[in-house]
Amino acid sequence: MSDPSSLQDIEIRLLLEAIYLRFHYDFRSYSMASLKRRVAAALVRLHCATISELQGKLLHHPETFVLLLDVLTVQVSDMFRDPPFFRYFRERVVPELRTYPSVRLWVAGCSSGEEVYSFAIVLREEGLLDRTLIYATDISADALARAEAAVYPQDRVATFTENHARAGGRRSLSEYYTAAYGGAVLDRSLRSNVVFSDHSLATDSVFAEVQVVSCRNVLIYFDRNLQKRAVGLFRESLSRRGFLGIGAKESLQLSGEAEPFEELEREGKWYRRR
Amino acid sequence: MVPAPLRVDAIVVGGSAGSVEALATILPACAASSLVPVVVCVHLPPQRASLLPELFASKCLLPVREIEDKQPILPGIWFAPPDYHLLIERERSFALSADDPVNYSRPSIDVLFESAADVFGTSLVAVILTGASEDGARGAKAVRDAGGFVIVQDPRTAEASTMPEATMRAARPQLVASVGDIAAILGRICNRQSAR
């Protein structure tokens with residue numbers, strides 16, 4: 001390979017191999033283009049001139065990994081991001097869920113929890129939260145801790161509020177949080193039926209049967225093989241006629257895993273297991 | 001005038017304020033048979049679906065589509081979707097990311113241009129149009145450093161000159177031209193590499 005940038009490609013592949021061997025986190029099937037940007041950000045944050053230097057630091061100072069993992073996985077989402085997605089859930093999925101005695105919903109790759117609480121609020125407003133169990137999973141312990149804390153910066157609340165209304169919110173979002181610590185603290189009762197848990201779509205297997213899976217803007221960080229693996233887990237986990245929601249610009253067709261699913265709504269990106 | 005590279009694998013175009021009008025001159029100049037993908041990244045409001053793909057579909061000879069994740073990069077005109085960064089994978093597919101905005105923008109032109117430069121190197125043509133931010137200047141420099149060809153809309157003809165001026169300072173573009181001249185040169189590139 002004469003391509004000058006391939007040196008960087010080699011370094012990244014070695015770094016990912018080192019992370020896998022040393023810490024058992026598997027980023028080897030992540031989208032390389034996004035990973036490159038995140039690794040570049042990690043070099044700045046961890047004061048390394050090259051990726052190889054970062055690799056050395058990581059192997060000899062394992063405590064570095066916590067910081068690196070945060071840079072590689074950190075993600076900020078909005079509550080009710082893509083309001084039509086949640087509107088569809090409320091108007092079309094919830095009526096079906098009502099006919100079940102109990103509901104299990106899996107938010108895969110929950111990051112700092114914005115989506116978990118968006119679902120919890122819709123389910124509360126529709127009177128279903130009490131008989132729903134929400135599994136919120138992520139590979140980052142830091143993210144899970146943030147999700148569990150449920151404190152969001154005050155400057156993001158205006159967007160959350162607008163999104164909630166556009167998603168068909170029945171009450172004001174302000175009924176679900178109190179202002180404290182310079183942020184909005186969500187009502188504790190929203191998480192009483194939420195189980196936060198460490199789970200990797202790259203290395204772990206199915207852990208429960210669920211009626212709804214939501215995994216949005218997570219698959220975009222995976223290559224096609226890992227996308228296939230993840231969607232395979234969702235298929236195995238979903239009960240028959242269970243619902244799968246993905247990100248607005250993600251595609252089961254392009255991941256090569258569309259066959260087991262029926263497309264319900266193209267814009268809202270809801271699918272149903274055949 | 002500096003000649004454009006002989007072999008072009010992709011054209012990336014970035015713009016902001018005023019760029020829809022400029023695109024209306026440029027994009028229809030690409031022949032229907034062109035094999036060169038044209039990838040457009042325009043700053044858009046995040047909360048709404050973009051109307052641009054539909055708007056340009058009726059004006060252009062090539063198929064115009066909004067990008068979804070992992071879409072293979074085929075000939076045609078491709079628009080970055082709102083509220084995602086757009087990147088290029090080595091196996092020549094598009095990738096999206098929901099990482100934080102760059103230069104207050106998502107999609108960011110810098111993000112697209114840097115990853116396109118990484119993949120296409122010397123066979124990339126990058127175009128910066130009118131815009132009121134400096135997004136794109138860094139990306140254009142990455143394109144230039146990787147041996148690609150950078151074209152900038154003449155700031156004197158731009159509705160907002162910040163973006164082209166910042167790019168001229170950062171990236172030493174090979175060509176600074178009016179929208180009409182940019183349309184002509186892109187039209188020639190597309191014509192030369194077409195399935196006639």
# chains A, B, ... in the order shown; residues from 1 in each chain; ligands from 1
$ residues_around --residues "region 26-30 of chain B" --least-positions-apart "2" --cutoff "10 Å" --atoms "only C-alpha atoms" --output "PyMOL selection string"
chain B and resi 13+20-24+32-38+40+56-62+64+76-77+179-191+194
$ residues_around --residues "Ala258 (chain A)" --least-positions-apart "6" --cutoff "10 Å" --atoms "only C-alpha atoms" --output "PyMOL selection string"
chain A and resi 228+231+251-252+271+273
$ interface_residues --of "chain B" --to "chain A" --cutoff "10 Å" --atoms "only C-alpha atoms" --output "PyMOL selection string"
chain B and resi 46-49+66-72+81-90+94-100+111-112+114-121+146
$ write_last_selection --atoms "N, CA and C atoms" --output "compact mmCIF listing (two decimals), in the first residue's frame"
# COMPACT_ATOMS: atom_id res chain seq x y z
N PRO B 46 -31.43 21.49 12.04
CA PRO B 46 -31.43 20.09 12.44
C PRO B 46 -32.80 19.48 12.65
N GLN B 47 -33.80 20.29 12.93
CA GLN B 47 -35.08 19.73 13.41
C GLN B 47 -36.05 19.34 12.31
N ARG B 48 -35.71 19.64 11.08
CA ARG B 48 -36.68 19.41 10.01
C ARG B 48 -36.08 18.54 8.92
N ALA B 49 -36.92 17.79 8.22
CA ALA B 49 -36.46 17.04 7.06
C ALA B 49 -36.00 18.03 5.99
N GLU B 66 -30.93 11.61 -0.90
CA GLU B 66 -30.39 11.89 0.43
C GLU B 66 -29.73 10.61 0.93
N ILE B 67 -28.62 10.78 1.63
CA ILE B 67 -27.79 9.64 2.01
C ILE B 67 -28.34 8.92 3.24
N GLU B 68 -28.28 7.59 3.19
CA GLU B 68 -28.50 6.77 4.39
C GLU B 68 -27.19 6.08 4.73
N ASP B 69 -27.08 5.67 5.99
CA ASP B 69 -25.85 5.05 6.47
C ASP B 69 -25.48 3.81 5.65
N LYS B 70 -24.21 3.66 5.33
CA LYS B 70 -23.62 2.51 4.63
C LYS B 70 -24.02 2.42 3.16
N GLN B 71 -24.64 3.46 2.63
CA GLN B 71 -24.98 3.50 1.22
C GLN B 71 -23.69 3.46 0.40
N PRO B 72 -23.56 2.52 -0.56
CA PRO B 72 -22.39 2.54 -1.44
C PRO B 72 -22.37 3.82 -2.28
N PRO B 81 -27.69 14.23 4.99
CA PRO B 81 -28.94 14.46 5.72
C PRO B 81 -28.73 15.43 6.87
N PRO B 82 -29.80 16.13 7.30
CA PRO B 82 -29.65 17.06 8.42
C PRO B 82 -29.36 16.33 9.73
N ASP B 83 -28.60 16.97 10.61
CA ASP B 83 -28.38 16.51 11.98
C ASP B 83 -27.47 15.28 12.11
N TYR B 84 -26.73 14.96 11.04
CA TYR B 84 -25.70 13.92 11.11
C TYR B 84 -24.44 14.47 10.44
N HIS B 85 -23.27 14.01 10.90
CA HIS B 85 -22.07 14.22 10.11
C HIS B 85 -22.02 13.15 9.03
N LEU B 86 -21.44 13.53 7.90
CA LEU B 86 -21.28 12.60 6.78
C LEU B 86 -19.80 12.29 6.60
N LEU B 87 -19.47 11.01 6.53
CA LEU B 87 -18.08 10.60 6.33
C LEU B 87 -18.01 9.55 5.22
N ILE B 88 -16.78 9.31 4.76
CA ILE B 88 -16.55 8.34 3.68
C ILE B 88 -15.72 7.18 4.23
N GLU B 89 -16.17 5.96 3.98
CA GLU B 89 -15.41 4.79 4.38
C GLU B 89 -14.48 4.36 3.25
N ARG B 90 -13.39 3.68 3.63
CA ARG B 90 -12.43 3.25 2.64
C ARG B 90 -13.02 2.33 1.57
N PHE B 94 -20.85 5.50 2.23
CA PHE B 94 -21.06 6.63 3.14
C PHE B 94 -21.24 6.11 4.56
N ALA B 95 -20.78 6.89 5.53
CA ALA B 95 -21.06 6.58 6.93
C ALA B 95 -21.59 7.86 7.57
N LEU B 96 -22.49 7.70 8.53
CA LEU B 96 -23.03 8.86 9.25
C LEU B 96 -22.56 8.81 10.69
N SER B 97 -22.52 9.94 11.34
CA SER B 97 -22.21 9.97 12.77
C SER B 97 -23.06 11.04 13.44
N ALA B 98 -23.39 10.76 14.70
CA ALA B 98 -24.16 11.73 15.50
C ALA B 98 -23.25 12.38 16.53
N ASP B 99 -21.95 12.42 16.26
CA ASP B 99 -21.01 13.09 17.16
C ASP B 99 -21.35 14.58 17.25
N ASP B 100 -20.76 15.23 18.23
CA ASP B 100 -21.06 16.64 18.45
C ASP B 100 -20.84 17.48 17.19
N VAL B 111 -15.73 17.83 8.41
CA VAL B 111 -15.78 16.38 8.67
C VAL B 111 -15.86 15.61 7.35
N LEU B 112 -16.74 16.04 6.45
CA LEU B 112 -16.86 15.36 5.16
C LEU B 112 -15.56 15.45 4.36
N GLU B 114 -12.45 16.12 5.28
CA GLU B 114 -11.29 15.42 5.84
C GLU B 114 -11.38 13.93 5.57
N SER B 115 -12.55 13.36 5.73
CA SER B 115 -12.62 11.91 5.51
C SER B 115 -12.59 11.58 4.02
N ALA B 116 -13.13 12.46 3.18
CA ALA B 116 -13.05 12.23 1.72
C ALA B 116 -11.60 12.34 1.25
N ALA B 117 -10.86 13.29 1.80
CA ALA B 117 -9.44 13.45 1.44
C ALA B 117 -8.66 12.20 1.79
N ASP B 118 -8.99 11.64 2.94
CA ASP B 118 -8.33 10.43 3.43
C ASP B 118 -8.55 9.26 2.47
N VAL B 119 -9.75 9.16 1.93
CA VAL B 119 -10.09 8.00 1.08
C VAL B 119 -9.73 8.25 -0.39
N PHE B 120 -10.00 9.44 -0.91
CA PHE B 120 -9.84 9.66 -2.34
C PHE B 120 -8.51 10.31 -2.72
N GLY B 121 -7.84 10.95 -1.78
CA GLY B 121 -6.52 11.52 -2.05
C GLY B 121 -6.48 12.42 -3.28
N ALA B 146 -3.68 16.24 0.81
CA ALA B 146 -3.71 14.86 0.30
C ALA B 146 -3.55 14.83 -1.22
$ residues_around --residues "Ser178 (chain B)" --least-positions-apart "4" --cutoff "8 Å" --atoms "only C-alpha atoms" --output "number ranges by chain"
B: 153-154, 157, 182
$ write_last_selection --atoms "C-alpha atoms" --output "compact mmCIF listing (two decimals), in the first residue's frame"
# COMPACT_ATOMS: atom_id res chain seq x y z
CA GLN B 153 -16.25 30.39 -5.26
CA ASP B 154 -14.82 33.87 -5.82
CA THR B 157 -19.38 36.86 -6.22
CA ILE B 182 -17.31 26.28 -11.53
$ atom_distance --atom1 "CA of Val206 (chain A)" --atom2 "CA of Arg124 (chain A)"
26.7 Å
$ closest_residue --among "B:Trp78, B:Tyr104, B:Phe149, B:Phe113" --to "Ser133 (chain B)" --atoms "only C-alpha atoms"
B:Tyr104
$ select_by_dssp --residues "region 1-166 of chain B" --states "strand (DSSP E)" --output "NGL selection string"
:B and (10-15 or 38-42 or 64-66 or 77-79 or 85-88 or 94-97 or 124-128 or 149-153)
$ residues_around --residues "Ser197 (chain A)" --least-positions-apart "6" --cutoff "9 Å" --atoms "only C-alpha atoms" --output "NGL selection string"
:A and (135-139 or 141 or 144)
$ residues_around --residues "Leu59 (chain A)" --least-positions-apart "6" --cutoff "9 Å" --atoms "only C-alpha atoms" --output "ChimeraX atom specification"
/A:18-19,22,65
$ residues_around --residues "Asp142 (chain A)" --least-positions-apart "6" --cutoff "12 Å" --atoms "only C-alpha atoms" --output "list in words"
Val66, Leu67, Leu68, Leu69, Asp70, Val71, Leu72, Thr73, Val74, Gln75, Cys110, Ser111, Ser112, Gly113, Glu148, Ala149, Phe196, Ser197 and Asp198 of chain A
$ residues_around --residues "Leu128 (chain A)" --least-positions-apart "4" --cutoff "9 Å" --atoms "only C-alpha atoms" --output "PyMOL selection string"
chain A and resi 94+97-98+102-103+120+122-124+132
$ atom_distance --atom1 "CA of Tyr100 (chain A)" --atom2 "CA of Arg171 (chain A)"
24.9 Å
$ atom_distance --atom1 "CA of Ala40 (chain A)" --atom2 "CA of Ile73 (chain B)"
24.9 Å
$ select_by_dssp --residues "region 23-52 of chain B" --states "alpha helix (DSSP H)" --output "MDAnalysis selection string"
chainID B and resid 23:26 52
